[in-house]
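Text of the file target-v5.cif, holding mmCIF, C-alpha atoms, pLDDT in the B column; chains and numbers go by the auth columns:
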```cif
data_work
loop_
_atom_site.group_PDB
_atom_site.id
_atom_site.type_symbol
_atom_site.label_atom_id
_atom_site.label_comp_id
_atom_site.label_asym_id
_atom_site.label_seq_id
_atom_site.Cartn_x
_atom_site.Cartn_y
_atom_site.Cartn_z
_atom_site.B_iso_or_equiv
_atom_site.auth_seq_id
_atom_site.auth_asym_id
ATOM 1 C CA GLU A 1 -28.507 -4.093 15.013 53.00 1 A
ATOM 2 C CA THR A 2 -24.950 -3.113 15.707 70.00 2 A
ATOM 3 C CA GLY A 3 -22.449 -0.827 14.025 91.00 3 A
ATOM 4 C CA VAL A 4 -23.462 1.184 11.004 94.00 4 A
ATOM 5 C CA THR A 5 -26.370 0.059 8.832 95.00 5 A
ATOM 6 C CA GLN A 6 -27.447 1.316 5.432 96.00 6 A
ATOM 7 C CA THR A 7 -30.664 0.827 3.470 96.00 7 A
ATOM 8 C CA PRO A 8 -31.338 -0.079 0.800 96.00 8 A
ATOM 9 C CA ARG A 9 -28.356 -2.209 -0.102 94.00 9 A
ATOM 10 C CA HIS A 10 -29.147 -1.939 -3.809 95.00 10 A
ATOM 11 C CA LEU A 11 -31.074 0.735 -5.690 95.00 11 A
ATOM 12 C CA VAL A 12 -31.867 1.153 -9.356 94.00 12 A
ATOM 13 C CA MET A 13 -33.451 4.424 -10.407 92.00 13 A
ATOM 14 C CA GLY A 14 -34.220 6.442 -13.490 89.00 14 A
ATOM 15 C CA MET A 15 -32.865 9.913 -14.025 87.00 15 A
ATOM 16 C CA THR A 16 -36.207 11.515 -13.184 86.00 16 A
ATOM 17 C CA ASN A 17 -36.792 9.592 -9.966 87.00 17 A
ATOM 18 C CA LYS A 18 -36.437 10.838 -6.415 93.00 18 A
ATOM 19 C CA LYS A 19 -35.075 8.422 -3.840 94.00 19 A
ATOM 20 C CA SER A 20 -33.342 8.522 -0.469 96.00 20 A
ATOM 21 C CA LEU A 21 -30.524 6.540 1.081 97.00 21 A
ATOM 22 C CA LYS A 22 -30.618 5.926 4.810 98.00 22 A
ATOM 23 C CA CYS A 23 -27.794 5.400 7.270 97.00 23 A
ATOM 24 C CA GLU A 24 -28.093 4.581 10.958 97.00 24 A
ATOM 25 C CA GLN A 25 -25.322 4.196 13.488 95.00 25 A
ATOM 26 C CA HIS A 26 -25.590 2.334 16.803 93.00 26 A
ATOM 27 C CA LEU A 27 -22.150 3.279 18.154 91.00 27 A
ATOM 28 C CA GLY A 28 -22.986 6.401 20.129 90.00 28 A
ATOM 29 C CA HIS A 29 -21.076 8.563 17.658 88.00 29 A
ATOM 30 C CA ASN A 30 -21.916 12.159 16.859 85.00 30 A
ATOM 31 C CA ALA A 31 -20.332 12.664 13.462 87.00 31 A
ATOM 32 C CA MET A 32 -21.482 11.060 10.213 90.00 32 A
ATOM 33 C CA TYR A 33 -20.136 11.025 6.679 91.00 33 A
ATOM 34 C CA TRP A 34 -21.197 10.199 3.130 93.00 34 A
ATOM 35 C CA TYR A 35 -18.603 8.827 0.713 93.00 35 A
ATOM 36 C CA LYS A 36 -18.882 7.912 -2.964 94.00 36 A
ATOM 37 C CA GLN A 37 -16.918 4.935 -4.265 92.00 37 A
ATOM 38 C CA SER A 38 -16.655 4.704 -8.045 90.00 38 A
ATOM 39 C CA ALA A 39 -14.749 2.116 -10.015 82.00 39 A
ATOM 40 C CA LYS A 40 -11.024 2.827 -10.317 73.00 40 A
ATOM 41 C CA LYS A 41 -11.219 6.009 -8.244 80.00 41 A
ATOM 42 C CA PRO A 42 -10.329 6.660 -4.608 81.00 42 A
ATOM 43 C CA LEU A 43 -13.113 7.040 -2.116 87.00 43 A
ATOM 44 C CA GLU A 44 -14.503 10.552 -2.337 88.00 44 A
ATOM 45 C CA LEU A 45 -15.808 12.365 0.711 88.00 45 A
ATOM 46 C CA MET A 46 -19.143 14.029 -0.051 91.00 46 A
ATOM 47 C CA PHE A 47 -20.535 15.404 3.210 90.00 47 A
ATOM 48 C CA VAL A 48 -19.642 15.583 6.882 87.00 48 A
ATOM 49 C CA TYR A 49 -22.064 16.205 9.710 87.00 49 A
ATOM 50 C CA SER A 50 -20.713 16.918 13.160 81.00 50 A
ATOM 51 C CA LEU A 51 -23.108 17.321 16.081 75.00 51 A
ATOM 52 C CA GLU A 52 -25.936 17.372 13.508 75.00 52 A
ATOM 53 C CA GLU A 53 -24.513 20.343 11.634 75.00 53 A
ATOM 54 C CA ARG A 54 -23.059 20.076 8.168 76.00 54 A
ATOM 55 C CA VAL A 55 -19.384 20.977 8.411 72.00 55 A
ATOM 56 C CA GLU A 56 -18.226 19.987 4.969 71.00 56 A
ATOM 57 C CA ASN A 57 -19.716 19.848 1.505 71.00 57 A
ATOM 58 C CA ASN A 58 -17.037 18.642 -0.849 71.00 58 A
ATOM 59 C CA SER A 59 -18.261 20.438 -3.991 81.00 59 A
ATOM 60 C CA VAL A 60 -21.055 17.939 -4.436 90.00 60 A
ATOM 61 C CA PRO A 61 -23.746 18.725 -7.061 91.00 61 A
ATOM 62 C CA SER A 62 -27.063 19.940 -5.711 91.00 62 A
ATOM 63 C CA ARG A 63 -28.844 16.828 -7.001 94.00 63 A
ATOM 64 C CA PHE A 64 -27.441 15.213 -3.830 95.00 64 A
ATOM 65 C CA SER A 65 -29.028 16.602 -0.686 94.00 65 A
ATOM 66 C CA PRO A 66 -28.000 15.343 2.771 93.00 66 A
ATOM 67 C CA GLU A 67 -30.085 15.432 5.903 94.00 67 A
ATOM 68 C CA CYS A 68 -29.062 14.665 9.470 93.00 68 A
ATOM 69 C CA PRO A 69 -32.111 14.808 11.764 92.00 69 A
ATOM 70 C CA ASN A 70 -30.211 13.484 14.798 91.00 70 A
ATOM 71 C CA SER A 71 -26.815 12.072 15.659 89.00 71 A
ATOM 72 C CA SER A 72 -27.855 8.505 14.815 94.00 72 A
ATOM 73 C CA HIS A 73 -29.403 9.008 11.386 96.00 73 A
ATOM 74 C CA LEU A 74 -28.153 10.353 8.107 96.00 74 A
ATOM 75 C CA PHE A 75 -29.983 10.535 4.795 97.00 75 A
ATOM 76 C CA LEU A 76 -28.892 11.257 1.256 97.00 76 A
ATOM 77 C CA HIS A 77 -31.763 12.505 -0.907 96.00 77 A
ATOM 78 C CA LEU A 78 -31.320 11.929 -4.615 95.00 78 A
ATOM 79 C CA HIS A 79 -33.098 13.633 -7.494 93.00 79 A
ATOM 80 C CA THR A 80 -32.516 13.973 -11.257 93.00 80 A
ATOM 81 C CA LEU A 81 -29.333 11.930 -11.076 93.00 81 A
ATOM 82 C CA GLN A 82 -27.072 11.178 -14.017 93.00 82 A
ATOM 83 C CA PRO A 83 -25.730 7.774 -15.108 93.00 83 A
ATOM 84 C CA GLU A 84 -22.240 8.843 -13.932 92.00 84 A
ATOM 85 C CA ASP A 85 -23.653 9.010 -10.405 94.00 85 A
ATOM 86 C CA SER A 86 -23.873 5.219 -10.382 95.00 86 A
ATOM 87 C CA ALA A 87 -21.550 4.079 -7.594 95.00 87 A
ATOM 88 C CA LEU A 88 -21.342 2.571 -4.140 94.00 88 A
ATOM 89 C CA TYR A 89 -22.378 5.100 -1.508 96.00 89 A
ATOM 90 C CA LEU A 90 -20.814 4.510 1.877 95.00 90 A
ATOM 91 C CA CYS A 91 -21.845 5.982 5.189 95.00 91 A
ATOM 92 C CA ALA A 92 -19.451 6.242 8.122 92.00 92 A
ATOM 93 C CA SER A 93 -19.595 7.508 11.683 91.00 93 A
ATOM 94 C CA SER A 94 -17.138 8.587 14.349 86.00 94 A
ATOM 95 C CA GLN A 95 -16.821 10.703 17.439 80.00 95 A
ATOM 96 C CA ALA A 96 -16.944 14.346 16.429 70.00 96 A
ATOM 97 C CA TRP A 97 -13.925 15.289 18.455 60.00 97 A
ATOM 98 C CA ALA A 98 -12.127 13.002 20.832 56.00 98 A
ATOM 99 C CA GLY A 99 -9.676 15.582 22.141 53.00 99 A
ATOM 100 C CA PRO A 100 -5.994 15.989 21.326 50.00 100 A
ATOM 101 C CA GLN A 101 -5.153 12.483 22.498 51.00 101 A
ATOM 102 C CA GLY A 102 -8.288 10.919 21.143 53.00 102 A
ATOM 103 C CA THR A 103 -8.707 8.837 18.047 58.00 103 A
ATOM 104 C CA ASP A 104 -11.910 9.548 16.168 69.00 104 A
ATOM 105 C CA THR A 105 -11.742 6.544 13.881 80.00 105 A
ATOM 106 C CA GLN A 106 -14.466 6.212 11.288 86.00 106 A
ATOM 107 C CA TYR A 107 -16.554 3.066 11.080 90.00 107 A
ATOM 108 C CA PHE A 108 -18.285 2.251 7.816 92.00 108 A
ATOM 109 C CA GLY A 109 -21.616 0.803 6.797 93.00 109 A
ATOM 110 C CA PRO A 110 -21.983 -1.852 4.086 92.00 110 A
ATOM 111 C CA GLY A 111 -22.915 0.670 1.426 93.00 111 A
ATOM 112 C CA THR A 112 -25.738 1.166 -1.063 96.00 112 A
ATOM 113 C CA ARG A 113 -25.023 0.100 -4.637 94.00 113 A
ATOM 114 C CA LEU A 114 -26.763 2.731 -6.779 95.00 114 A
ATOM 115 C CA THR A 115 -27.424 2.304 -10.482 95.00 115 A
ATOM 116 C CA VAL A 116 -28.842 5.213 -12.469 94.00 116 A
ATOM 117 C CA LEU A 117 -30.429 4.273 -15.779 91.00 117 A
ATOM 118 C CA ALA B 1 -3.461 18.954 0.043 76.00 1 B
ATOM 119 C CA GLN B 2 -2.614 15.515 1.302 83.00 2 B
ATOM 120 C CA THR B 3 -2.434 12.588 -1.089 91.00 3 B
ATOM 121 C CA VAL B 4 -2.177 8.853 -0.519 95.00 4 B
ATOM 122 C CA THR B 5 -0.602 6.527 -3.079 96.00 5 B
ATOM 123 C CA GLN B 6 -0.935 2.766 -3.242 96.00 6 B
ATOM 124 C CA SER B 7 1.322 1.649 -6.062 95.00 7 B
ATOM 125 C CA GLN B 8 0.181 -1.986 -6.182 95.00 8 B
ATOM 126 C CA PRO B 9 -3.283 -2.319 -7.760 93.00 9 B
ATOM 127 C CA GLU B 10 -3.232 -6.092 -7.186 95.00 10 B
ATOM 128 C CA MET B 11 -1.266 -8.514 -5.044 96.00 11 B
ATOM 129 C CA SER B 12 -1.493 -12.220 -4.374 97.00 12 B
ATOM 130 C CA VAL B 13 -0.185 -14.424 -1.602 97.00 13 B
ATOM 131 C CA GLN B 14 -0.183 -18.120 -0.834 97.00 14 B
ATOM 132 C CA GLU B 15 -2.186 -19.194 2.168 97.00 15 B
ATOM 133 C CA ALA B 16 -0.067 -19.135 5.363 97.00 16 B
ATOM 134 C CA GLU B 17 2.561 -16.901 3.749 97.00 17 B
ATOM 135 C CA THR B 18 3.344 -13.250 4.470 97.00 18 B
ATOM 136 C CA VAL B 19 2.537 -10.324 2.213 98.00 19 B
ATOM 137 C CA THR B 20 3.321 -6.607 2.449 98.00 20 B
ATOM 138 C CA LEU B 21 1.122 -3.911 0.944 98.00 21 B
ATOM 139 C CA SER B 22 2.722 -0.546 0.212 98.00 22 B
ATOM 140 C CA CYS B 23 1.417 2.934 0.936 98.00 23 B
ATOM 141 C CA THR B 24 3.067 6.317 0.661 97.00 24 B
ATOM 142 C CA TYR B 25 1.577 9.685 1.445 97.00 25 B
ATOM 143 C CA ASP B 26 2.373 13.306 0.956 95.00 26 B
ATOM 144 C CA THR B 27 1.829 15.884 3.671 92.00 27 B
ATOM 145 C CA SER B 28 3.440 18.933 5.181 90.00 28 B
ATOM 146 C CA GLU B 29 1.926 18.221 8.577 87.00 29 B
ATOM 147 C CA SER B 30 3.819 16.659 11.450 86.00 30 B
ATOM 148 C CA ASP B 31 0.911 15.181 13.366 85.00 31 B
ATOM 149 C CA TYR B 32 -1.689 12.927 11.794 89.00 32 B
ATOM 150 C CA TYR B 33 -3.264 9.468 11.774 90.00 33 B
ATOM 151 C CA LEU B 34 -2.800 6.672 9.291 94.00 34 B
ATOM 152 C CA PHE B 35 -5.178 3.771 8.745 93.00 35 B
ATOM 153 C CA TRP B 36 -5.543 0.576 6.828 95.00 36 B
ATOM 154 C CA TYR B 37 -9.089 -0.429 5.951 93.00 37 B
ATOM 155 C CA LYS B 38 -10.201 -3.741 4.457 93.00 38 B
ATOM 156 C CA GLN B 39 -13.149 -4.047 2.095 88.00 39 B
ATOM 157 C CA PRO B 40 -14.104 -7.692 1.384 85.00 40 B
ATOM 158 C CA PRO B 41 -16.522 -8.613 -1.395 79.00 41 B
ATOM 159 C CA SER B 42 -19.417 -8.048 1.012 70.00 42 B
ATOM 160 C CA ARG B 43 -18.451 -4.363 0.745 71.00 43 B
ATOM 161 C CA GLN B 44 -18.354 -3.553 4.460 79.00 44 B
ATOM 162 C CA MET B 45 -15.320 -1.344 5.046 82.00 45 B
ATOM 163 C CA ILE B 46 -13.547 -2.625 8.157 87.00 46 B
ATOM 164 C CA LEU B 47 -10.777 -0.930 10.115 90.00 47 B
ATOM 165 C CA VAL B 48 -7.693 -3.157 10.196 94.00 48 B
ATOM 166 C CA ILE B 49 -5.120 -1.058 11.993 93.00 49 B
ATOM 167 C CA ARG B 50 -4.418 2.520 13.033 92.00 50 B
ATOM 168 C CA GLN B 51 -1.181 4.436 13.642 92.00 51 B
ATOM 169 C CA GLU B 52 -0.673 7.798 15.317 89.00 52 B
ATOM 170 C CA ALA B 53 2.175 9.693 13.690 90.00 53 B
ATOM 171 C CA TYR B 54 3.577 10.875 17.027 87.00 54 B
ATOM 172 C CA LYS B 55 4.112 7.270 18.126 86.00 55 B
ATOM 173 C CA GLN B 56 7.386 5.755 17.012 84.00 56 B
ATOM 174 C CA GLN B 57 6.303 2.209 17.802 90.00 57 B
ATOM 175 C CA ASN B 58 4.685 0.394 14.897 94.00 58 B
ATOM 176 C CA ALA B 59 1.083 -0.651 15.493 91.00 59 B
ATOM 177 C CA THR B 60 0.185 -4.336 15.528 92.00 60 B
ATOM 178 C CA GLU B 61 -3.133 -6.171 15.583 91.00 61 B
ATOM 179 C CA ASN B 62 -2.762 -9.933 15.723 93.00 62 B
ATOM 180 C CA ARG B 63 -1.508 -10.998 12.261 96.00 63 B
ATOM 181 C CA PHE B 64 -1.480 -7.421 10.967 96.00 64 B
ATOM 182 C CA SER B 65 1.395 -5.023 11.538 96.00 65 B
ATOM 183 C CA VAL B 66 2.644 -1.853 9.954 97.00 66 B
ATOM 184 C CA ASN B 67 6.037 -0.480 9.063 97.00 67 B
ATOM 185 C CA PHE B 68 5.697 3.252 9.642 96.00 68 B
ATOM 186 C CA GLN B 69 8.586 5.286 8.269 95.00 69 B
ATOM 187 C CA LYS B 70 7.704 8.901 9.023 94.00 70 B
ATOM 188 C CA ALA B 71 10.675 10.493 7.309 94.00 71 B
ATOM 189 C CA ALA B 72 10.030 8.501 4.158 95.00 72 B
ATOM 190 C CA LYS B 73 6.260 9.052 4.468 96.00 73 B
ATOM 191 C CA SER B 74 5.712 5.351 4.089 97.00 74 B
ATOM 192 C CA PHE B 75 3.111 3.182 5.825 97.00 75 B
ATOM 193 C CA SER B 76 3.160 -0.440 4.685 98.00 76 B
ATOM 194 C CA LEU B 77 0.900 -3.212 5.965 98.00 77 B
ATOM 195 C CA LYS B 78 2.266 -6.686 6.647 98.00 78 B
ATOM 196 C CA ILE B 79 -0.140 -9.610 6.845 98.00 79 B
ATOM 197 C CA SER B 80 1.383 -12.721 8.383 97.00 80 B
ATOM 198 C CA ASP B 81 0.056 -16.272 8.075 97.00 81 B
ATOM 199 C CA SER B 82 -2.373 -15.173 5.346 97.00 82 B
ATOM 200 C CA GLN B 83 -5.828 -16.714 5.414 96.00 83 B
ATOM 201 C CA LEU B 84 -8.480 -17.078 2.731 95.00 84 B
ATOM 202 C CA GLY B 85 -10.611 -14.564 4.607 93.00 85 B
ATOM 203 C CA ASP B 86 -7.938 -11.916 4.127 95.00 86 B
ATOM 204 C CA ALA B 87 -8.838 -11.656 0.441 95.00 87 B
ATOM 205 C CA ALA B 88 -10.207 -8.150 -0.024 94.00 88 B
ATOM 206 C CA MET B 89 -9.475 -4.664 -1.245 93.00 89 B
ATOM 207 C CA TYR B 90 -7.168 -2.858 1.173 96.00 90 B
ATOM 208 C CA PHE B 91 -7.224 0.917 1.469 94.00 91 B
ATOM 209 C CA CYS B 92 -4.615 3.101 3.068 96.00 92 B
ATOM 210 C CA ALA B 93 -5.974 6.339 4.510 93.00 93 B
ATOM 211 C CA TYR B 94 -4.611 9.532 6.021 92.00 94 B
ATOM 212 C CA ARG B 95 -6.230 11.937 8.423 87.00 95 B
ATOM 213 C CA SER B 96 -4.888 15.180 9.843 83.00 96 B
ATOM 214 C CA ARG B 97 -4.961 15.529 13.598 75.00 97 B
ATOM 215 C CA PRO B 98 -7.312 18.446 14.112 65.00 98 B
ATOM 216 C CA ASN B 99 -6.994 21.169 16.704 60.00 99 B
ATOM 217 C CA SER B 100 -10.755 20.925 16.935 55.00 100 B
ATOM 218 C CA GLY B 101 -13.600 19.392 15.004 58.00 101 B
ATOM 219 C CA ASN B 102 -13.380 16.927 12.151 63.00 102 B
ATOM 220 C CA THR B 103 -10.867 16.342 9.445 72.00 103 B
ATOM 221 C CA PRO B 104 -11.696 14.076 6.519 76.00 104 B
ATOM 222 C CA LEU B 105 -10.061 10.799 5.610 84.00 105 B
ATOM 223 C CA VAL B 106 -8.000 10.836 2.415 89.00 106 B
ATOM 224 C CA PHE B 107 -7.910 7.422 0.774 91.00 107 B
ATOM 225 C CA GLY B 108 -5.579 5.719 -1.649 93.00 108 B
ATOM 226 C CA LYS B 109 -6.985 3.852 -4.654 91.00 109 B
ATOM 227 C CA GLY B 110 -6.641 0.496 -2.955 93.00 110 B
ATOM 228 C CA THR B 111 -4.801 -2.789 -3.444 95.00 111 B
ATOM 229 C CA ARG B 112 -6.756 -5.911 -4.288 94.00 112 B
ATOM 230 C CA LEU B 113 -5.323 -8.871 -2.384 96.00 113 B
ATOM 231 C CA SER B 114 -5.959 -12.427 -3.520 96.00 114 B
ATOM 232 C CA VAL B 115 -5.140 -15.381 -1.285 96.00 115 B
ATOM 233 C CA ILE B 116 -4.293 -18.625 -3.056 96.00 116 B
ATOM 234 C CA ALA B 117 -5.141 -21.888 -1.310 93.00 117 B
#
```
Let me see the structure of the file written as structure tokens.
Amino acid sequence: ETGVTQTPRHLVMGMTNKKSLKCEQHLGHNAMYWYKQSAKKPLELMFVYSLEERVENNSVPSRFSPECPNSSHLFLHLHTLQPEDSALYLCASSQAWAGPQGTDTQYFGPGTRLTVL
Amino acid sequence: AQTVTQSQPEMSVQEAETVTLSCTYDTSESDYYLFWYKQPPSRQMILVIRQEAYKQQNATENRFSVNFQKAAKSFSLKISDSQLGDAAMYFCAYRSRPNSGNTPLVFGKGTRLSVIA
């Protein structure tokens, strides 16, 4: 596997279910991100982990719970979601800090298409 | 806060022709990065091209080039010799250059490009 992978690619869940999205990066990066992509809206940053510590939580509801056990893996735990949470969830990774002349470009996974019934 | 505007929700181009996608942004910062990402129907977000604001020379990557006008806060993408595989959603994105640590990407709403055979 190369790049950034995400599983599952598609997920359908009821509002009372608990599920988790998984992201894995094979690029040697040490920062990882969760984005939400809804129809007709710009990509929304949800969480940022840098060196395995959460550095940003973009006012995301508590029914979304991220976990970053190491620099290669990122999870998004879901519970009691609402139908409006249906979206494409994208994971990305980058270098945490490449220095003043560095370019810490983000590379994206294929996404998980989530449908909440 | 920074904002990114893509004023063309949809564009089309004949195969082998040239098309330009527009992007403007709003920022009070003087040093930052700009990106164009491509998202084909497979949903994998792919980096197309990157520009550092401190560089006056426009970035190029094969058939892709940008017209970066810093004073006008404009960052358009030109695709030459368009191919069927260029059909995708194109996102313009902005990122502050941090003094340390991470800064998030701010995305535009995207432009859907169709390529006509």
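Taken over the whole file, the PyMOL selection byres ((chain A) within 6 of (chain B)) covers exactly Lys41, Pro42, Leu43, Trp97, Phe108, Gly109 and Pro110 of chain A.
Distances to Asn30 in chain A were evaluated for A:Leu51, A:Leu117, A:Leu90, A:Leu76 using only C-alpha atoms, and the minimum falls at A:Leu51.
Residues with at least one atom no more than 8 Å from (-27.2, 2.7, -7.8), using only C-alpha atoms, are A:His10, A:Leu11, A:Val12, A:Met13, A:Asp85, A:Ser86, A:Ala87, A:Leu88, A:Thr112, A:Arg113, A:Leu114, A:Thr115, A:Val116.
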(request) Return as a PyMOL selection string the set of residues that the PyMOL selection byres ((chain B and resi 54) around 10) yields on the displayed structure. (result) chain B and resi 30-33+51-53+55-57+70
(request) Evaluate the PyMOL selection byres ((chain B and resi 61-68) around 9) here and jot the selected residues down as a VMD selection string. (result) chain B and resid 20 48 to 51 53 56 to 60 69 to 70 72 to 82
(message) Please report the interatomic distance between CA of Trp34 in chain A and CA of Ala1 in chain B in Å with one decimal.
(response) 20.0 Å
(request) Determine, counting only C-alpha atoms, which protein, DNA and RNA residues have an atom within 6 Å of an atom of range 18-28 of chain A; residues of the same chain fewer than 2 positions away are not included. Present the result as a PyMOL selection string. (result) chain A and resi 2-7+72-79
For range 88-99 of chain B, I'd like the enclosing box, axis-aligned and padded by 5 Å on every side, reported as lines of an AutoDock Vina configuration file with centre and edge lengths in Å to one decimal.
```
center_x = -7.4
center_y = 6.5
center_z = 7.7
size_x = 15.6
size_y = 39.3
size_z = 27.9
```
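The interatomic distance for the pair CA of Ala96 in chain A and CA of His29 in chain A works out to 7.2 Å.
Rounded to one decimal, CA of Arg54 in chain A and CA of Ser71 in chain A lie 11.6 Å from each other.
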(message) If we count only C-alpha atoms and set the cut-off at 6 Å, which residues sit around Met15 in chain A, ignoring sequence neighbours fewer than 2 positions away in its own chain? Please answer as a ChimeraX atom specification.
(response) /A:17,80-82
Take the residues from that selection and write them out as a PDB file, keeping the file's coordinate frame, keeping C-alpha atoms.
```pdb
ATOM      1  CA  ASN A  17     -36.792   9.592  -9.966  1.00 87.00           C
ATOM      2  CA  THR A  80     -32.516  13.973 -11.257  1.00 93.00           C
ATOM      3  CA  LEU A  81     -29.333  11.930 -11.076  1.00 93.00           C
ATOM      4  CA  GLN A  82     -27.072  11.178 -14.017  1.00 93.00           C
TER       5      GLN A  82
END
```
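Between Leu113 in chain B and the residues B:Ser12, B:Ser28, B:Gln2, B:Ser7, the shortest atom-to-atom distance, using only C-alpha atoms, involves B:Ser12.
Among the candidates A:Tyr89, A:Gln106, A:Gly111, A:Pro83, the one nearest to Met46 in chain A when counting all atoms listed in the file is A:Tyr89.
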